[in-house]
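Engineer: Next up, final28.cif (mmCIF, C-alpha atoms and all ligand atoms).
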data_upload
loop_
_atom_site.label_atom_id
_atom_site.label_comp_id
_atom_site.auth_asym_id
_atom_site.auth_seq_id
_atom_site.Cartn_x
_atom_site.Cartn_y
_atom_site.Cartn_z
CA MET A 130 12.39 46.29 54.71
CA LYS A 131 14.99 44.39 52.72
CA LYS A 132 13.70 41.12 54.15
CA LEU A 133 10.12 41.98 53.21
CA PHE A 134 11.24 42.81 49.67
CA THR A 135 13.11 39.48 49.36
CA SER A 136 10.15 37.45 50.56
CA LEU A 137 7.85 39.37 48.23
CA VAL A 138 10.13 38.56 45.30
CA LEU A 139 10.26 34.90 46.34
CA LEU A 140 6.48 34.80 46.63
CA LEU A 141 6.06 36.33 43.19
CA MET A 142 8.59 33.91 41.73
CA SER A 143 6.87 30.86 43.14
CA ALA A 144 3.46 32.12 41.98
CA GLN A 145 4.96 32.45 38.52
CA THR A 146 6.39 28.95 38.53
CA PHE A 147 3.06 27.63 39.64
CA ALA A 148 1.01 29.45 37.04
CA GLN A 149 3.08 28.18 34.14
CA LYS A 150 2.12 30.05 31.01
CA SER A 151 0.95 28.16 27.98
CA GLU A 152 3.58 29.99 25.91
CA ASP A 153 6.25 28.25 27.96
CA LEU A 154 4.75 24.78 27.51
CA ALA A 155 4.25 24.92 23.75
CA PRO A 156 5.82 28.03 22.23
CA THR A 157 5.77 26.20 18.89
CA PRO A 158 3.37 23.41 17.84
CA PRO A 159 4.10 20.25 19.88
CA MET A 160 5.78 17.43 17.95
CA GLY A 161 5.61 13.76 18.82
CA TRP A 162 4.24 10.33 18.05
CA ASN A 163 0.95 8.77 19.18
CA THR A 164 -0.15 5.13 19.23
CA TRP A 165 -3.71 5.54 17.94
CA ASN A 166 -3.63 5.92 14.16
CA ILE A 167 -1.65 2.74 13.61
CA PHE A 168 -2.27 0.51 16.64
CA GLN A 169 -5.57 1.70 18.19
CA THR A 170 -5.91 -0.22 21.48
CA LYS A 171 -3.57 -3.06 20.46
CA ILE A 172 -0.63 -1.73 22.44
CA ASP A 173 1.67 -3.24 25.04
CA GLU A 174 5.04 -2.64 26.65
CA PRO A 175 7.26 -4.73 24.31
CA LEU A 176 5.68 -3.22 21.18
CA LEU A 177 5.93 0.31 22.53
CA LYS A 178 9.46 -0.09 23.79
CA SER A 179 10.42 -1.06 20.26
CA MET A 180 8.66 2.12 19.06
CA VAL A 181 10.62 4.19 21.58
CA ASP A 182 13.85 2.65 20.27
CA ALA A 183 12.82 3.25 16.66
CA TYR A 184 11.87 6.86 17.52
CA VAL A 185 15.55 7.40 18.28
CA SER A 186 17.20 5.19 15.64
CA SER A 187 15.02 6.52 12.80
CA GLY A 188 16.11 10.10 13.51
CA MET A 189 12.63 11.27 14.58
CA ARG A 190 13.88 12.52 17.94
CA ASP A 191 16.77 14.37 16.35
CA ALA A 192 14.43 15.94 13.82
CA GLY A 193 12.57 17.62 16.70
CA TYR A 194 9.86 15.14 17.73
CA THR A 195 9.64 15.17 21.52
CA TYR A 196 6.49 13.51 22.87
CA PHE A 197 5.72 9.80 22.99
CA VAL A 198 1.98 9.57 23.60
CA LEU A 199 -0.10 6.55 24.63
CA ASP A 200 -3.64 6.99 23.33
CA ASP A 201 -6.73 4.98 24.32
CA GLY A 202 -6.36 1.40 25.56
CA TRP A 203 -3.50 1.60 28.10
CA MET A 204 -5.73 1.06 31.16
CA GLY A 205 -7.35 -1.85 32.88
CA MET A 206 -11.14 -2.02 32.44
CA GLU A 207 -11.81 -0.91 36.05
CA ARG A 208 -10.32 1.49 38.60
CA ASP A 209 -8.73 -0.26 41.60
CA ALA A 210 -10.28 -0.55 45.08
CA ASN A 211 -8.99 2.96 45.93
CA GLY A 212 -10.56 4.45 42.84
CA GLN A 213 -7.18 4.84 41.09
CA LEU A 214 -6.62 4.18 37.42
CA VAL A 215 -4.30 1.27 36.74
CA ALA A 216 -2.30 0.38 33.66
CA ASP A 217 -3.56 -2.89 32.13
CA PRO A 218 -1.34 -5.42 33.97
CA LYS A 219 -1.22 -7.74 30.94
CA LYS A 220 -0.15 -5.00 28.56
CA PHE A 221 2.14 -3.18 30.99
CA PRO A 222 3.34 -5.77 33.55
CA ASN A 223 5.90 -3.33 34.95
CA GLY A 224 3.38 -0.52 35.39
CA MET A 225 3.18 2.89 33.78
CA LYS A 226 5.88 4.62 35.83
CA ALA A 227 8.46 2.14 34.53
CA PHE A 228 7.35 2.77 30.96
CA ALA A 229 7.44 6.55 31.46
CA ASP A 230 10.97 6.19 32.87
CA TYR A 231 11.99 4.25 29.75
CA VAL A 232 10.65 7.03 27.49
CA HIS A 233 12.45 9.68 29.54
CA SER A 234 15.69 7.70 29.54
CA LYS A 235 15.76 7.99 25.75
CA GLY A 236 15.40 11.75 25.86
CA MET A 237 11.72 12.04 25.03
CA LYS A 238 8.72 13.33 26.97
CA PHE A 239 5.83 11.10 27.94
CA GLY A 240 2.16 11.59 27.12
CA ILE A 241 -0.99 9.75 28.07
CA TYR A 242 -4.72 9.77 27.22
CA ASN A 243 -8.05 9.89 28.98
CA CYS A 244 -11.49 11.30 28.49
CA ALA A 245 -13.61 14.00 30.15
CA GLY A 246 -16.60 11.64 30.20
CA THR A 247 -17.42 8.57 32.26
CA LYS A 248 -15.64 6.23 29.84
CA THR A 249 -13.05 6.69 27.09
CA CYS A 250 -14.09 6.28 23.46
CA ALA A 251 -12.89 2.66 23.56
CA GLY A 252 -14.79 1.99 26.81
CA TYR A 253 -12.06 2.24 29.48
CA PRO A 254 -12.61 4.22 32.72
CA GLY A 255 -13.00 7.94 32.05
CA THR A 256 -11.97 10.79 34.32
CA ARG A 257 -15.31 12.36 35.19
CA GLY A 258 -15.41 12.93 38.96
CA HIS A 259 -11.75 11.88 39.35
CA GLU A 260 -10.02 14.92 37.83
CA TYR A 261 -7.70 15.82 40.72
CA GLU A 262 -6.71 12.26 41.65
CA ASP A 263 -6.02 11.32 38.02
CA ALA A 264 -3.92 14.47 37.52
CA ARG A 265 -1.91 13.63 40.66
CA LEU A 266 -1.41 10.06 39.46
CA TYR A 267 -0.15 11.22 36.05
CA ALA A 268 2.24 13.68 37.69
CA SER A 269 3.57 10.90 39.94
CA TRP A 270 4.29 8.81 36.84
CA GLY A 271 6.11 11.70 35.17
CA VAL A 272 3.49 12.47 32.54
CA ASP A 273 4.37 15.53 30.43
CA TYR A 274 1.34 15.62 28.08
CA LEU A 275 -2.32 14.69 28.46
CA LYS A 276 -4.69 14.17 25.53
CA PHE A 277 -8.22 14.54 26.90
CA ASP A 278 -11.07 13.20 24.78
CA TRP A 279 -14.82 13.91 24.74
CA CYS A 280 -16.67 10.57 24.53
CA ASN A 281 -19.43 9.60 27.00
CA ALA A 282 -19.74 13.17 28.22
CA GLU A 283 -23.49 13.57 27.72
CA GLY A 284 -24.85 16.54 29.63
CA GLN A 285 -21.38 17.92 30.43
CA ASN A 286 -20.39 21.47 29.55
CA ALA A 287 -17.24 21.25 27.42
CA ARG A 288 -15.63 24.45 28.57
CA GLU A 289 -16.24 23.68 32.25
CA SER A 290 -15.04 20.09 31.93
CA TYR A 291 -11.80 21.09 30.23
CA MET A 292 -11.20 24.00 32.63
CA LEU A 293 -11.66 21.63 35.56
CA MET A 294 -9.04 19.20 34.26
CA SER A 295 -6.76 22.10 33.39
CA LYS A 296 -6.93 23.31 37.01
CA ALA A 297 -6.30 19.79 38.27
CA LEU A 298 -3.18 19.50 36.09
CA LYS A 299 -1.88 22.89 37.19
CA ALA A 300 -2.47 21.99 40.83
CA THR A 301 0.04 19.12 40.51
CA GLY A 302 2.82 21.68 39.99
CA ARG A 303 4.19 19.58 37.11
CA PRO A 304 4.25 21.23 33.68
CA ILE A 305 1.87 19.08 31.60
CA VAL A 306 0.83 20.02 28.06
CA PHE A 307 -2.96 19.76 27.86
CA SER A 308 -4.36 18.60 24.52
CA LEU A 309 -8.12 19.18 24.21
CA CYS A 310 -9.75 16.57 22.01
CA GLU A 311 -13.38 17.65 21.75
CA TRP A 312 -13.37 17.61 17.93
CA GLY A 313 -14.32 21.27 17.50
CA SER A 314 -17.87 20.59 18.68
CA ASN A 315 -18.07 23.58 21.05
CA ARG A 316 -15.80 26.07 19.30
CA PRO A 317 -12.77 25.28 21.52
CA TRP A 318 -10.67 27.77 19.52
CA VAL A 319 -12.61 30.55 21.34
CA TRP A 320 -11.90 29.34 24.91
CA GLY A 321 -9.30 26.56 24.59
CA ALA A 322 -6.22 28.72 25.19
CA LYS A 323 -7.42 29.34 28.76
CA ALA A 324 -7.39 25.60 29.42
CA GLY A 325 -4.55 24.14 27.37
CA GLN A 326 -2.08 24.39 24.54
CA LEU A 327 -3.91 22.69 21.65
CA TRP A 328 -7.45 21.77 20.71
CA ARG A 329 -8.81 19.51 18.00
CA THR A 330 -10.76 21.42 15.37
CA THR A 331 -12.50 18.50 13.60
CA GLY A 332 -13.53 14.88 13.86
CA ASP A 333 -11.00 12.12 13.34
CA ILE A 334 -8.70 12.09 10.36
CA GLY A 335 -9.21 8.30 10.02
CA PRO A 336 -9.81 5.77 8.59
CA TYR A 337 -7.05 4.37 10.72
CA PHE A 338 -6.35 1.22 8.80
CA ALA A 339 -3.77 1.32 6.06
CA THR A 340 -5.97 -0.83 3.82
CA SER A 341 -8.86 1.59 3.85
CA LEU A 342 -6.51 4.50 3.33
CA THR A 343 -5.12 2.77 0.25
CA LYS A 344 -8.62 2.11 -1.03
CA ASP A 345 -9.59 5.73 -0.52
CA GLY A 346 -6.25 6.94 -1.90
CA TRP A 347 -5.96 10.66 -1.33
CA THR A 348 -8.80 10.43 1.21
CA PRO A 349 -10.11 13.88 0.30
CA GLN A 350 -12.80 13.49 2.93
CA ASN A 351 -9.99 13.66 5.41
CA VAL A 352 -6.81 15.54 4.56
CA LEU A 353 -8.40 18.06 2.21
CA SER A 354 -11.72 18.48 3.99
CA ILE A 355 -9.86 19.10 7.25
CA LEU A 356 -7.71 21.69 5.46
CA ASP A 357 -10.83 23.42 4.13
CA LYS A 358 -12.18 23.85 7.67
CA GLN A 359 -9.12 25.66 9.04
CA ASP A 360 -9.08 28.98 7.18
CA SER A 361 -11.91 30.59 9.15
CA ILE A 362 -10.36 29.81 12.55
CA ARG A 363 -6.70 30.50 11.80
CA GLN A 364 -6.63 33.73 13.82
CA TYR A 365 -7.28 31.77 17.05
CA ALA A 366 -3.94 29.96 16.85
CA GLY A 367 -0.72 31.56 18.02
CA ILE A 368 2.33 31.16 20.20
CA GLY A 369 1.48 28.71 22.99
CA HIS A 370 -2.01 27.74 21.74
CA TRP A 371 -2.69 25.81 18.57
CA ASN A 372 -5.51 24.61 16.37
CA ASP A 373 -5.10 20.84 16.07
CA PRO A 374 -6.39 19.35 12.80
CA ASP A 375 -5.64 15.84 14.18
CA MET A 376 -2.67 13.51 14.03
CA LEU A 377 -0.66 12.55 10.97
CA GLU A 378 -1.45 9.64 8.66
CA VAL A 379 1.94 9.85 6.90
CA GLY A 380 3.18 6.31 6.26
CA ASN A 381 -0.23 4.73 6.77
CA GLY A 382 -1.23 3.96 3.22
CA MET A 383 -1.51 7.07 1.06
CA THR A 384 0.86 7.53 -1.89
CA VAL A 385 4.21 9.23 -1.37
CA ALA A 386 2.92 12.38 -3.11
CA GLU A 387 -0.16 12.42 -0.87
CA ASP A 388 1.90 11.87 2.26
CA ARG A 389 4.20 14.71 1.20
CA SER A 390 1.18 16.96 0.62
CA HIS A 391 -0.46 16.00 3.92
CA PHE A 392 2.75 16.74 5.84
CA SER A 393 3.37 20.03 4.00
CA ILE A 394 -0.20 21.17 4.66
CA TRP A 395 0.08 20.36 8.39
CA CYS A 396 3.35 22.31 8.54
CA MET A 397 1.74 25.29 6.79
CA LEU A 398 -1.17 25.11 9.27
CA ALA A 399 1.23 25.37 12.24
CA ALA A 400 -0.45 22.15 13.33
CA PRO A 401 0.86 19.95 16.14
CA LEU A 402 2.88 17.24 14.38
CA MET A 403 1.91 13.92 15.95
CA ALA A 404 3.16 11.12 13.74
CA GLY A 405 0.95 8.02 13.78
CA ASN A 406 2.80 5.38 11.76
CA ASN A 407 4.73 2.24 12.65
CA LEU A 408 8.16 3.74 13.40
CA HIS A 409 9.80 0.35 13.37
CA SER A 410 8.93 -0.58 9.81
CA MET A 411 8.71 2.81 8.14
CA SER A 412 9.92 3.15 4.57
CA GLU A 413 12.73 5.48 3.52
CA ASP A 414 10.11 7.66 1.78
CA THR A 415 8.10 8.02 4.99
CA LYS A 416 11.24 8.81 6.99
CA THR A 417 12.33 11.40 4.43
CA ILE A 418 8.96 13.11 4.71
CA LEU A 419 8.62 13.06 8.50
CA THR A 420 12.19 14.21 9.13
CA ASN A 421 12.52 16.95 6.50
CA LYS A 422 14.03 19.62 8.72
CA GLU A 423 13.47 22.47 6.27
CA VAL A 424 9.75 21.70 6.13
CA ILE A 425 9.55 21.17 9.90
CA ALA A 426 11.18 24.59 10.38
CA ILE A 427 8.18 26.16 8.64
CA ASN A 428 5.87 24.43 11.13
CA GLN A 429 8.05 25.50 14.05
CA ASP A 430 8.59 29.08 12.87
CA PRO A 431 8.69 31.34 15.95
CA LEU A 432 6.12 33.81 14.59
CA GLY A 433 3.50 31.10 15.19
CA VAL A 434 1.11 32.18 12.43
CA GLU A 435 -1.12 29.70 10.61
CA CYS A 436 -1.26 29.79 6.80
CA PHE A 437 -4.14 31.19 4.80
CA LYS A 438 -5.64 30.21 1.49
CA TYR A 439 -4.37 32.70 -1.06
CA TYR A 440 -5.76 31.30 -4.26
CA GLU A 441 -7.60 28.32 -5.71
CA PHE A 442 -8.29 27.68 -9.35
CA ASP A 443 -8.82 24.55 -11.39
CA GLY A 444 -7.55 22.25 -8.63
CA ILE A 445 -4.42 24.25 -7.85
CA GLU A 446 -4.48 25.77 -4.39
CA ILE A 447 -1.92 28.17 -2.97
CA LEU A 448 -1.36 28.55 0.76
CA VAL A 449 0.77 31.32 2.27
CA LYS A 450 2.28 31.25 5.76
CA PRO A 451 3.88 34.42 7.12
CA LEU A 452 7.15 33.68 8.93
CA ALA A 453 9.47 35.50 11.32
CA LYS A 454 11.73 38.24 9.88
CA GLY A 455 9.23 39.00 7.13
CA ASP A 456 9.86 35.72 5.31
CA LEU A 457 7.04 33.65 3.80
CA ALA A 458 6.29 30.01 3.01
CA VAL A 459 4.23 29.30 -0.09
CA LEU A 460 2.68 25.92 -0.84
CA PHE A 461 1.31 25.00 -4.27
CA ILE A 462 -1.03 21.98 -3.95
CA ASN A 463 -2.28 20.08 -6.97
CA ARG A 464 -5.64 18.80 -5.68
CA SER A 465 -6.66 17.58 -9.12
CA ASP A 466 -6.34 14.13 -10.66
CA ARG A 467 -3.98 15.26 -13.42
CA SER A 468 -0.52 16.71 -13.61
CA GLN A 469 -0.56 20.52 -13.92
CA THR A 470 1.97 23.23 -14.66
CA VAL A 471 1.91 26.36 -12.56
CA ASN A 472 3.29 29.57 -13.94
CA PHE A 473 3.23 32.06 -11.11
CA ASP A 474 4.24 35.60 -11.93
CA TRP A 475 5.10 37.04 -8.52
CA ALA A 476 5.22 40.62 -9.81
CA ALA A 477 1.49 40.47 -10.47
CA HIS A 478 0.70 39.59 -6.83
CA ILE A 479 0.23 41.46 -3.58
CA ILE A 480 -0.05 39.40 -0.40
CA GLN A 481 -1.85 40.94 2.54
CA ASP A 482 -2.83 39.43 5.88
CA LYS A 483 -4.26 41.38 8.80
CA THR A 484 -3.60 38.60 11.34
CA SER A 485 0.16 38.93 10.86
CA ASN A 486 0.36 42.51 9.49
CA THR A 487 1.74 41.13 6.27
CA ASP A 488 1.75 43.42 3.24
CA VAL A 489 3.96 42.26 0.39
CA ASP A 490 4.09 43.69 -3.11
CA PHE A 491 6.39 41.48 -5.17
CA SER A 492 6.74 44.15 -7.82
CA LYS A 493 8.55 46.25 -5.18
CA THR A 494 10.37 43.69 -3.00
CA SER A 495 12.39 40.75 -4.24
CA TYR A 496 12.66 37.47 -2.30
CA LYS A 497 15.00 34.52 -2.74
CA LEU A 498 13.23 31.21 -3.39
CA ARG A 499 14.12 27.86 -1.85
CA ASP A 500 12.40 24.60 -2.76
CA LEU A 501 12.06 22.79 0.59
CA TRP A 502 11.47 19.30 -0.82
CA ALA A 503 14.17 19.49 -3.51
CA HIS A 504 16.50 21.25 -1.02
CA LYS A 505 17.54 23.67 -3.76
CA ASP A 506 17.65 27.44 -4.27
CA VAL A 507 15.43 28.17 -7.25
CA GLY A 508 15.96 31.83 -8.14
CA THR A 509 14.05 34.89 -6.99
CA THR A 510 10.59 36.41 -7.22
CA GLN A 511 11.84 38.66 -10.02
CA LYS A 512 11.15 35.86 -12.45
CA ALA A 513 7.87 33.91 -12.81
CA PHE A 514 7.97 30.51 -11.11
CA ARG A 515 7.15 27.70 -13.49
CA GLN A 516 6.89 24.06 -12.47
CA THR A 517 4.90 20.96 -13.26
CA ILE A 518 3.26 19.40 -10.20
CA PRO A 519 2.07 15.77 -10.40
CA SER A 520 -1.47 14.97 -9.27
CA HIS A 521 -1.92 15.25 -5.48
CA ASP A 522 1.63 16.52 -5.03
CA VAL A 523 2.98 19.85 -3.81
CA VAL A 524 5.76 22.35 -4.28
CA MET A 525 6.80 24.08 -1.08
CA LEU A 526 8.85 27.27 -1.23
CA LYS A 527 10.43 29.44 1.38
CA LEU A 528 10.71 33.09 0.39
CA SER A 529 13.47 35.04 2.15
CA LYS A 530 14.22 38.71 1.80
C1 LIG B 1 -11.42 9.66 19.56
C2 LIG B 1 -10.27 10.60 19.25
C3 LIG B 1 -9.16 9.83 18.56
C4 LIG B 1 -8.69 8.71 19.47
C5 LIG B 1 -9.87 7.81 19.85
C6 LIG B 1 -9.49 6.82 20.93
O1 LIG B 1 -12.02 9.18 18.40
O2 LIG B 1 -10.71 11.67 18.45
O3 LIG B 1 -8.07 10.70 18.24
O4 LIG B 1 -8.10 9.26 20.61
O5 LIG B 1 -10.95 8.57 20.35
O6 LIG B 1 -10.56 6.01 21.29
#
What would you get if you wrote out this structure as structure tokens?
Ligand code: GLA

Structural biologist:
Amino acid sequence: MKKLFTSLVLLLMSAQTFAQKSEDLAPTPPMGWNTWNIFQTKIDEPLLKSMVDAYVSSGMRDAGYTYFVLDDGWMGMERDANGQLVADPKKFPNGMKAFADYVHSKGMKFGIYNCAGTKTCAGYPGTRGHEYEDARLYASWGVDYLKFDWCNAEGQNARESYMLMSKALKATGRPIVFSLCEWGSNRPWVWGAKAGQLWRTTGDIGPYFATSLTKDGWTPQNVLSILDKQDSIRQYAGIGHWNDPDMLEVGNGMTVAEDRSHFSIWCMLAAPLMAGNNLHSMSEDTKTILTNKEVIAINQDPLGVECFKYYEFDGIEILVKPLAKGDLAVLFINRSDRSQTVNFDWAAHIIQDKTSNTDVDFSKTSYKLRDLWAHKDVGTTQKAFRQTIPSHDVVMLKLSK
């Protein structure tokens, strides 16, 4: 009897290890760096090794970034004679396993990219019809994260295609975060949590090139229009499964104020934080933004609730993110082209949110205020908050009981 009980326990334990829960793989939004936004397909081993080194020396790793992800363009143009994917031998002369080992040796996790269709978006071999063998190959290289795109997938059913790859990854027995990149075309927020840990909610944040970002400045068609699409799907995100409004453009050409706003908004959205800048040559301003631990802590808050739009008037928008222990984060964004002064009388406001059971009446409960960019305590909610916010900039506050 005792023996039967022991083997039953062992069986249950191994079934549990096998069916790794998404909560375990990404209890908070994944953080990392991805090659695409800055380098597109112009990647190779020496360049990327220098990025791995800079990931560590810049303090990104110590600020909580974990994944180092190779996006499109790492492969050769054809599968080999056995039908296996191969790393482009010119770009990665030592092969992908050696590169993955290098990433791991520096204390990071390794991510890679492919596509559910017949070819990737940049025209390299896609995974369609090779799901299980590709998953096994990635596991043998030590891949910890797979971004799976949606180009050249005409006639495919999105949900089925992503579920198939999800099963293939699980069958390897290696925990691999699965990042669904189907751009929100088939409402992945409804079914994505069954397949993976994060799903893109929109098209690309691009333009990718710093010059066009500079020309477009604040790029409202990107950062702000992406923000405006998130409110109606916020309830689908939660611990272990995240809405992904695309990777970061911090350090790629917007102004410092705009970069600060972009990063603050992504943190409020509980978005995966995938930096996409040149880590080797980043400015002090960029580093300060990407490694602000107080702001990152809002993104990584264990309650796992995405912010909601509380108020918008005359170009000032206020986002509220409920946090663990009844705390709150509040972001004031100046979307307008002129400097504006906010005068926010907390006592006149009640904040309610069904998704997180939040019900706050500031006339009854007082909170301490901390400015997360100035790193300063700035009083309590008993007094109106007054501050001038430059155009396209933000003020980010944490409210603690
Ligand atoms: C799509 C994705 C991008 C990037 C490119 C690579 O556009 O949405 O994030 O991965 O493909 O080709």

Engineer: For ligand LIG 1 (chain B), which residue out of A:Ile241, A:Ala366, A:Leu526, A:Leu177 is the nearest one, using all atoms listed in the file?

Structural biologist: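 Closest residue, counting all atoms listed in the file: A:Ile241.
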
Engineer: Which residues sit within 6 Å of ligand LIG 1 (chain B), counting all atoms listed in the file, listed as a list in words?

Structural biologist: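 Written in the requested form, the residues are Asp200, Asp201, Cys250, Ala251 and Asp333 of chain A.
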
Engineer: Show me, as CSV, the residues of range 330-409 of chain A having an atom within 12 Å of range 305-323 of chain A, each with the closest atom pair and its distance in Å, using all atoms listed in the file.

Structural biologist:
residue,atom,partner,partner_atom,distance
A:Thr330,CA,A:Gly313,CA,4.2
A:Thr331,CA,A:Trp312,CA,4.5
A:Gly332,CA,A:Trp312,CA,4.9
A:Asp333,CA,A:Trp312,CA,7.5
A:Ile334,CA,A:Trp312,CA,10.5
A:Ile355,CA,A:Trp312,CA,11.3
A:Lys358,CA,A:Gly313,CA,10.4
A:Gln359,CA,A:Trp318,CA,10.8
A:Ser361,CA,A:Trp318,CA,10.8
A:Ile362,CA,A:Trp318,CA,7.3
A:Arg363,CA,A:Trp318,CA,9.1
A:Gln364,CA,A:Trp318,CA,9.2
A:Tyr365,CA,A:Trp318,CA,5.8
A:Ala366,CA,A:Trp318,CA,7.6
A:Gly367,CA,A:Ala322,CA,9.5
A:Ile368,CA,A:Ala322,CA,10.2
A:Gly369,CA,A:Ala322,CA,8.0
A:His370,CA,A:Ala322,CA,5.5
A:Trp371,CA,A:Ala322,CA,8.0
A:Asn372,CA,A:Trp318,CA,6.8
A:Asp373,CA,A:Cys310,CA,8.7
A:Pro374,CA,A:Trp312,CA,8.8
A:Asp375,CA,A:Trp312,CA,8.8
A:Met376,CA,A:Cys310,CA,11.1
A:Pro401,CA,A:Ser308,CA,10.0
A:Met403,CA,A:Ser308,CA,11.6

Engineer: What does the distance from CA of Ala297 in chain A to CA of Leu266 in chain A come to in Å, to one decimal?

Structural biologist: 11.0 Å

Engineer: Compile the contact shell of Val215 in chain A as a ChimeraX atom specification: residues with an atom at most 10 Å away, counting only C-alpha atoms, same-chain residues fewer than 3 positions apart removed.

Structural biologist: /A:203-209,212,218,221,224-225,254,266

Engineer: Could you write those residues out with C-alpha atoms, as a PDB file, in the coordinates of the input?

Structural biologist:
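Below is the file that was written, selection-v6.pdb:
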ATOM      1  CA  TRP A 203      -3.500   1.600  28.100  1.00  0.00           C
ATOM      2  CA  MET A 204      -5.730   1.060  31.160  1.00  0.00           C
ATOM      3  CA  GLY A 205      -7.350  -1.850  32.880  1.00  0.00           C
ATOM      4  CA  MET A 206     -11.140  -2.020  32.440  1.00  0.00           C
ATOM      5  CA  GLU A 207     -11.810  -0.910  36.050  1.00  0.00           C
ATOM      6  CA  ARG A 208     -10.320   1.490  38.600  1.00  0.00           C
ATOM      7  CA  ASP A 209      -8.730  -0.260  41.600  1.00  0.00           C
ATOM      8  CA  GLY A 212     -10.560   4.450  42.840  1.00  0.00           C
ATOM      9  CA  PRO A 218      -1.340  -5.420  33.970  1.00  0.00           C
ATOM     10  CA  PHE A 221       2.140  -3.180  30.990  1.00  0.00           C
ATOM     11  CA  GLY A 224       3.380  -0.520  35.390  1.00  0.00           C
ATOM     12  CA  MET A 225       3.180   2.890  33.780  1.00  0.00           C
ATOM     13  CA  PRO A 254     -12.610   4.220  32.720  1.00  0.00           C
ATOM     14  CA  LEU A 266      -1.410  10.060  39.460  1.00  0.00           C
TER      15      LEU A 266
END

Engineer: Give me, please, the distance in Å between CA of Ile445 in chain A and CA of Arg464 in chain A, quoted to one decimal.

Structural biologist: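 So the two atoms, CA of Ile445 in chain A and CA of Arg464 in chain A, lie 6.0 Å apart.
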
Engineer: Go through A:Ile462, A:Gly188, A:Asp357, A:Gly246 one by one, measure the shortest atom-to-atom distance of each to Ile418 in chain A using all atoms listed in the file, and give the residue with the smallest value.

Structural biologist: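 Ranked by minimum distance to Ile418 in chain A, first place goes to A:Gly188.
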
Engineer: Select, from A:Gly325, A:Trp395, A:Gly193, A:Asn406, the residue with the minimum atom-to-atom distance to Trp165 in chain A, counting all atoms listed in the file.

Structural biologist: A:Asn406

Engineer: Of the candidates A:Leu327, A:Ala477, A:Ile167, A:Met525, which one gets nearest to Phe392 in chain A if we count only C-alpha atoms?

Structural biologist: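 Smallest distance to Phe392 in chain A is found for A:Met525.
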
Engineer: Go through A:Thr509, A:Gly380, A:Lys296, A:Ser234 and flag the residue nearest Glu413 in chain A, using only C-alpha atoms for the distances.

Structural biologist: A:Gly380

Engineer: Can you work out the spacing between CA of Ala399 in chain A and CA of Ala476 in chain A in Å, to one decimal?

Structural biologist: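 Answer for the CA of Ala399 in chain A to CA of Ala476 in chain A separation: 27.1 Å.
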
Engineer: Need the shell around Gly255 in chain A: protein/DNA/RNA residues with any atom at most 6 Å away, counting all atoms listed in the file. Skip same-chain ones fewer than 3 positions apart. Format as a ChimeraX atom specification?

Structural biologist: /A:244,246-249

Engineer: Please list as a VMD selection string every residue within 12 Å of range 492-498 of chain A, counting only C-alpha atoms and excluding residues in the same chain fewer than 2 positions away.

Structural biologist: chain A and resid 455 to 459 474 to 480 488 to 490 500 to 501 503 to 514 524 to 530

Engineer: Check the smallest atom-to-atom distance from each of A:Arg515, A:Lys171, A:His409, A:His521 to Asp466 in chain A using only C-alpha atoms, then report the winner.

Structural biologist: A:His521

Engineer: Do a neighbour search on Pro519 in chain A at 12 Å with all atoms listed in the file, toss out local chain neighbours closer than 6 positions, and write the hits as a PDB file with C-alpha atoms, keeping the file's coordinate frame.

Structural biologist:
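Output saved as out-v9.pdb:
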ATOM      1  CA  THR A 384       0.860   7.530  -1.890  1.00  0.00           C
ATOM      2  CA  VAL A 385       4.210   9.230  -1.370  1.00  0.00           C
ATOM      3  CA  ALA A 386       2.920  12.380  -3.110  1.00  0.00           C
ATOM      4  CA  GLU A 387      -0.160  12.420  -0.870  1.00  0.00           C
ATOM      5  CA  ARG A 389       4.200  14.710   1.200  1.00  0.00           C
ATOM      6  CA  SER A 390       1.180  16.960   0.620  1.00  0.00           C
ATOM      7  CA  GLY A 444      -7.550  22.250  -8.630  1.00  0.00           C
ATOM      8  CA  ILE A 445      -4.420  24.250  -7.850  1.00  0.00           C
ATOM      9  CA  PHE A 461       1.310  25.000  -4.270  1.00  0.00           C
ATOM     10  CA  ILE A 462      -1.030  21.980  -3.950  1.00  0.00           C
ATOM     11  CA  ASN A 463      -2.280  20.080  -6.970  1.00  0.00           C
ATOM     12  CA  ARG A 464      -5.640  18.800  -5.680  1.00  0.00           C
ATOM     13  CA  SER A 465      -6.660  17.580  -9.120  1.00  0.00           C
ATOM     14  CA  ASP A 466      -6.340  14.130 -10.660  1.00  0.00           C
ATOM     15  CA  ARG A 467      -3.980  15.260 -13.420  1.00  0.00           C
ATOM     16  CA  SER A 468      -0.520  16.710 -13.610  1.00  0.00           C
ATOM     17  CA  GLN A 469      -0.560  20.520 -13.920  1.00  0.00           C
ATOM     18  CA  THR A 470       1.970  23.230 -14.660  1.00  0.00           C
ATOM     19  CA  VAL A 471       1.910  26.360 -12.560  1.00  0.00           C
TER      20      VAL A 471
END
